Amino acid sequence: MSNIKKLLLTVMVGIVALIFEFGFHQSQWAFWLVSIIGGIMTISMLIGMIKTLRSGKYGIDILAVTAILATLLVGDYWASLVVLIMLTGGDSLEDYASHQASRELRSLLDNSPQVAHRIDGEKISELAVDEVQVDDLVLIKPGELVPVDGRIIAGESFVDESSLTGESKPIEKRINDELMSGSVNGDAALRMKVTKAAKDSQYQTLVKLVKESEAKPAHFVRLADRYAVPFTITAYVIGGVAWFVSKDPVRFAEVLVVASPCPLILAAPVALVAGMSRSSRNGIVVKTGTTIEKLARAKSIAFDKTGTLTKGSLSVEEIHIESTDFSKEELITYAASAEQESSHILARSLVAYGKANKIALFPVSDLEEITGQGIQAQVNGKMIRVGKAAFAGSAHELSNEKTAVYVSLADQYIGYITFTDIVREESAETITELNSLGIKKTIMLTGDHQSIANQIANQVGISEVHADCLPEEKITVLKTLVEEDRPVVMVGDGVNDAPALAVADIGIAMGAHGSTAASESADAVILKDDLSRVSAAIRLSQDTMRIARQSVLIGLIICVILMLIASTGVIPALLGAALQEVIDTVSILSALRARKDK
């Protein structure tokens with residue numbers, strides 16, 4: 001039976017009992033009616049308590065059970081009824097608070113793409129999103145959800161990505177730009193080529209994360225159970241002393257009635273769910289309450305370099321001409337034209353540089369990618385090669401510390417282009433804020449060369465650098481951190497980061513443009529392409545845990561004060577039962593503060 005049904009049943013029994021008592025003056029019927037429903041509820045709670053004890057945890061229902069039995073035994077059945085109403089009402093209120101607090105997390109599920117419009121020649125057919133295949137051509141009509149990830153081949157439009165990245169402003173999308181599933185098309189139709197099947201697309205990956213975050217309960221409840229042991233003992237001691245001194249068993253019942261366990265039952269999980277909701281609104285999907293606990297206590301943080309501390313897109317640094325027959329503009333024009341249909345990171349950088357400098361690109365044909373070497377294609381009627389030095393016919397190659405591509409045209413080597421990694425604008429500020437939040441050690445783990453890694457680390461303020469790292473070496477570094485440096489957070493975005501994200505105490509994936517493997521291995525996912533959300537995640541977690549502890553302690557302190565007052569006999573059992581609602585309300589309202597942005 002659901003908590004709301006239990007509450008409604010208890011209230012209905014209470015109304016009938018009131019009619020018996022004051023309408024028909026049948027107090028005995030009212031007593032037995034309340035006793036029966038109280039007995040049923042008590043047995044139900046006892047069964048739940050036994051299950052809790054069998055799982056190795058100490059349950060706090062024993063206080064509620066004792067309070068109901070004590071009030072019934074001393075004949076104060078109205079107080080027993082009020083305790084029942086408060087308990088079932090508190091559980092119902094918890095359900096409502098959890099539902100409200102996790103609304104943002106579930107909103108992704110409500111907007112999941114369902115259908116796609118596939119283009120087959122001149123025919124357009126509608127099919128389920130799961131049936132769409134990679135390389136299919138898909139039409140996205142104005143105002144429609146993008147069904148799967150893809151790349152635009154025709155059309156221009158503004159696309160709303162707010163549900164995925166938290167970016168409120170629509171993004172202008174043109175030919176060759178990427179579209180993420182779950183984003184909303186603007187007022188112009190787009191045609192795109194599918195790059196990922198539905199199960200691997202951005203939106204479906206995030207939906208999977210949401211389901212995980214809701215399916216895993218917050219482990220902080222166990223901490224509440226640890227509070228329960230001294231609290232229960234305190235309640236019994238105060239009640240027992242009051243009974244012994246007054247020689248009146250009613251005093252014992254009056255003390256236990258105000259010993260509400262609801263701050264322990266409600267405050268911590270409500271605060272954690274509220275904190276998860278708040279994180280979601282700030283572009284951070286946190287999978288479990290345990291992740292919030294660990295983030296709040298984090299001592300060290302490790303970053304991948306490319307795509308994390310840097311943008312993951314290289315910028316053209318230098319264009320070097322080897323042939324007097326060509327200018328720098330001609331070299332970049334031919335190279336960018338040849339690369340415009342390639343998905344390689346250097347190809348994207350060349351094309352972006354061409355667009356930024358308003359260079360008109362030539363059509364490309366006969367494109368062929370040579371694994372480990374580069375590409376060759378026909379551009380403007382000439383054969384062009386872009387790739388490694390030997391592949392392009394260069395006798396000399398730059399050192400490994402420089403990222404470069406070499407270009408030949410009509411079998412004549414004409415020059416090379418070097419690239420530099422673009423550091424995120426927010427990287428240095430993020431590291432500074434992390435240090436202010438209590439992070440003692442910042443680490444860079446990268447497969448890049450030592451000199452490049454040191455340069456980036458000095459630029460952003462990283463204190464420790466491990467360069468030339470293979471994925472297994474990143475894991476070794478994380479595992480060898482001493483206890484004083486834990487919990488350790490790992491932040492990455494690529495497939496090669498997935499093992500390290502899984503091994504770290506907390507893995508955070510840059511999910512806006514990162515790999516599916518990274519997001520699935522992580523404990524939290526940053527939905528917006530913004531590194532400052534990492535420090536925001538830690539700040540929000542610390543704030544959530546502070547509010548959770550405050551809410552539990554506020555409720556317990558009020559309970560202890562009321563127990564001491566009740567032990568003097570000035571609080572009747574019926575009034576004490578009603579005061580439980582005050583304690584519950586204060587605890588829950590305090591916990592829900594974790595949902596609000598300061």
# chains A, B, ... in the order shown; residues from 1 in each chain; ligands from 1

call {"tool": "residues_around", "arguments": {"residues": "A:Val460", "least_positions_apart": "4", "cutoff": "8 Å", "atoms": "only C-alpha atoms", "output": "PDB file with all heavy atoms, in the first residue's frame"}}
result
ATOM      1  N   SER A 427      39.426  27.728 -17.331  1.00  0.00           N
ATOM      2  CA  SER A 427      40.243  26.716 -16.639  1.00  0.00           C
ATOM      3  C   SER A 427      40.962  27.282 -15.420  1.00  0.00           C
ATOM      4  O   SER A 427      40.903  26.709 -14.322  1.00  0.00           O
ATOM      5  CB  SER A 427      41.257  26.112 -17.614  1.00  0.00           C
ATOM      6  OG  SER A 427      40.613  25.299 -18.567  1.00  0.00           O
ATOM      7  N   ALA A 428      41.676  28.397 -15.595  1.00  0.00           N
ATOM      8  CA  ALA A 428      42.451  28.962 -14.482  1.00  0.00           C
ATOM      9  C   ALA A 428      41.543  29.371 -13.326  1.00  0.00           C
ATOM     10  O   ALA A 428      41.838  29.101 -12.149  1.00  0.00           O
ATOM     11  CB  ALA A 428      43.266  30.161 -14.972  1.00  0.00           C
ATOM     12  N   GLU A 429      40.427  29.983 -13.656  1.00  0.00           N
ATOM     13  CA  GLU A 429      39.480  30.420 -12.620  1.00  0.00           C
ATOM     14  C   GLU A 429      38.890  29.216 -11.876  1.00  0.00           C
ATOM     15  O   GLU A 429      38.685  29.263 -10.658  1.00  0.00           O
ATOM     16  CB  GLU A 429      38.362  31.242 -13.263  1.00  0.00           C
ATOM     17  CG  GLU A 429      37.383  31.835 -12.270  1.00  0.00           C
ATOM     18  CD  GLU A 429      36.286  32.642 -12.955  1.00  0.00           C
ATOM     19  OE1 GLU A 429      36.443  32.980 -14.153  1.00  0.00           O
ATOM     20  OE2 GLU A 429      35.268  32.924 -12.290  1.00  0.00           O
ATOM     21  N   ILE A 431      40.373  26.250 -11.365  1.00  0.00           N
ATOM     22  CA  ILE A 431      41.393  25.709 -10.461  1.00  0.00           C
ATOM     23  C   ILE A 431      41.502  26.572  -9.206  1.00  0.00           C
ATOM     24  O   ILE A 431      41.590  26.057  -8.084  1.00  0.00           O
ATOM     25  CB  ILE A 431      42.761  25.623 -11.167  1.00  0.00           C
ATOM     26  CG1 ILE A 431      42.689  24.708 -12.400  1.00  0.00           C
ATOM     27  CG2 ILE A 431      43.831  25.112 -10.202  1.00  0.00           C
ATOM     28  CD1 ILE A 431      42.255  23.291 -12.107  1.00  0.00           C
ATOM     29  N   ILE A 456      50.693  24.043 -20.261  1.00  0.00           N
ATOM     30  CA  ILE A 456      49.268  24.190 -19.935  1.00  0.00           C
ATOM     31  C   ILE A 456      49.078  24.268 -18.419  1.00  0.00           C
ATOM     32  O   ILE A 456      48.300  25.086 -17.908  1.00  0.00           O
ATOM     33  CB  ILE A 456      48.450  23.011 -20.509  1.00  0.00           C
ATOM     34  CG1 ILE A 456      48.578  22.940 -22.035  1.00  0.00           C
ATOM     35  CG2 ILE A 456      46.984  23.117 -20.090  1.00  0.00           C
ATOM     36  CD1 ILE A 456      47.965  24.095 -22.767  1.00  0.00           C
TER      37      ILE A 456
END

call {"tool": "residues_around", "arguments": {"residues": "stretch 20-30 of chain A", "least_positions_apart": "4", "cutoff": "12 Å", "atoms": "only C-alpha atoms", "output": "ChimeraX atom specification"}}
result
/A:13-16,34-38,75-78,81

call {"tool": "select_by_dssp", "arguments": {"residues": "stretch 142-311 of chain A", "states": "helix (DSSP H, G or I)", "output": "PyMOL selection string"}}
result
chain A and resi 162-165+198-200+202-215+221-246+249-258+262-281+289-297+305-309

call {"tool": "residues_around", "arguments": {"residues": "stretch 236-246 of chain A", "least_positions_apart": "5", "cutoff": "10 Å", "atoms": "only C-alpha atoms", "output": "list in words"}}
result
Leu63, Thr66, Pro230, Phe231, Arg251, Phe252, Ala253, Glu254, Val255, Leu256, Val257, Ala259, Val560, Met563, Leu564, Ala566, Ser567, Thr568 and Gly569 of chain A

call {"tool": "closest_residue", "arguments": {"among": "A:Val258, A:Ile4, A:Val11, A:Ile561", "to": "A:Gly576", "atoms": "only C-alpha atoms"}}
result
A:Val258

call {"tool": "residues_around", "arguments": {"residues": "A:Ile558", "least_positions_apart": "4", "cutoff": "10 Å", "atoms": "only C-alpha atoms", "output": "VMD selection string"}}
result
chain A and resid 258 to 260 263 553 to 554 562 to 563 580 582 to 583 586 to 587

call {"tool": "closest_residue", "arguments": {"among": "A:Cys469, A:Leu127, A:Ala70, A:Leu309", "to": "A:Glu425", "atoms": "only C-alpha atoms"}}
result
A:Leu309

call {"tool": "residues_around", "arguments": {"residues": "A:Gln373", "least_positions_apart": "4", "cutoff": "12 Å", "atoms": "only C-alpha atoms", "output": "list in words"}}
result
Glu368, Glu369, Arg385, Val386, Gly387, Lys388, Ala389, Ala390, Phe391, Ala392, Gly393, Val405, Tyr406 and Val407 of chain A

call {"tool": "write_last_selection", "arguments": {"atoms": "N, CA and C atoms", "output": "JSON list (two decimals), in the first residue's frame"}}
result
[["chain", "number", "residue", "atom", "x", "y", "z"],
["A", 368, "GLU", "N", 39.78, 10.01, -49.83],
["A", 368, "GLU", "CA", 40.20, 8.72, -49.29],
["A", 368, "GLU", "C", 41.07, 8.95, -48.06],
["A", 369, "GLU", "N", 40.70, 8.28, -46.98],
["A", 369, "GLU", "CA", 41.48, 8.39, -45.75],
["A", 369, "GLU", "C", 42.43, 7.20, -45.67],
["A", 385, "ARG", "N", 47.37, 15.89, -50.92],
["A", 385, "ARG", "CA", 47.61, 15.00, -49.80],
["A", 385, "ARG", "C", 47.85, 15.85, -48.54],
["A", 386, "VAL", "N", 47.17, 15.48, -47.46],
["A", 386, "VAL", "CA", 47.35, 16.18, -46.19],
["A", 386, "VAL", "C", 47.54, 15.13, -45.10],
["A", 387, "GLY", "N", 48.67, 15.20, -44.40],
["A", 387, "GLY", "CA", 48.92, 14.22, -43.36],
["A", 387, "GLY", "C", 50.33, 14.26, -42.85],
["A", 388, "LYS", "N", 50.92, 13.09, -42.64],
["A", 388, "LYS", "CA", 52.28, 13.01, -42.11],
["A", 388, "LYS", "C", 53.30, 13.46, -43.15],
["A", 389, "ALA", "N", 54.52, 13.76, -42.65],
["A", 389, "ALA", "CA", 55.55, 14.33, -43.51],
["A", 389, "ALA", "C", 55.88, 13.42, -44.70],
["A", 390, "ALA", "N", 56.14, 12.14, -44.41],
["A", 390, "ALA", "CA", 56.51, 11.22, -45.49],
["A", 390, "ALA", "C", 55.36, 11.04, -46.47],
["A", 391, "PHE", "N", 54.13, 11.02, -45.97],
["A", 391, "PHE", "CA", 52.95, 10.86, -46.82],
["A", 391, "PHE", "C", 52.82, 12.02, -47.81],
["A", 392, "ALA", "N", 53.20, 13.23, -47.38],
["A", 392, "ALA", "CA", 53.09, 14.42, -48.24],
["A", 392, "ALA", "C", 54.38, 14.69, -49.01],
["A", 393, "GLY", "N", 55.40, 13.88, -48.80],
["A", 393, "GLY", "CA", 56.63, 14.03, -49.57],
["A", 393, "GLY", "C", 57.64, 14.98, -48.96],
["A", 405, "VAL", "N", 50.46, 19.19, -39.74],
["A", 405, "VAL", "CA", 50.12, 18.41, -40.92],
["A", 405, "VAL", "C", 50.92, 18.97, -42.10],
["A", 406, "TYR", "N", 51.28, 18.07, -43.03],
["A", 406, "TYR", "CA", 52.10, 18.44, -44.19],
["A", 406, "TYR", "C", 51.24, 18.29, -45.43],
["A", 407, "VAL", "N", 51.47, 19.20, -46.41],
["A", 407, "VAL", "CA", 50.57, 19.29, -47.57],
["A", 407, "VAL", "C", 51.37, 19.19, -48.87]]

call {"tool": "closest_residue", "arguments": {"among": "A:Pro471, A:Gly307, A:Gly438, A:Gly461", "to": "A:Arg486", "atoms": "only C-alpha atoms"}}
result
A:Gly438
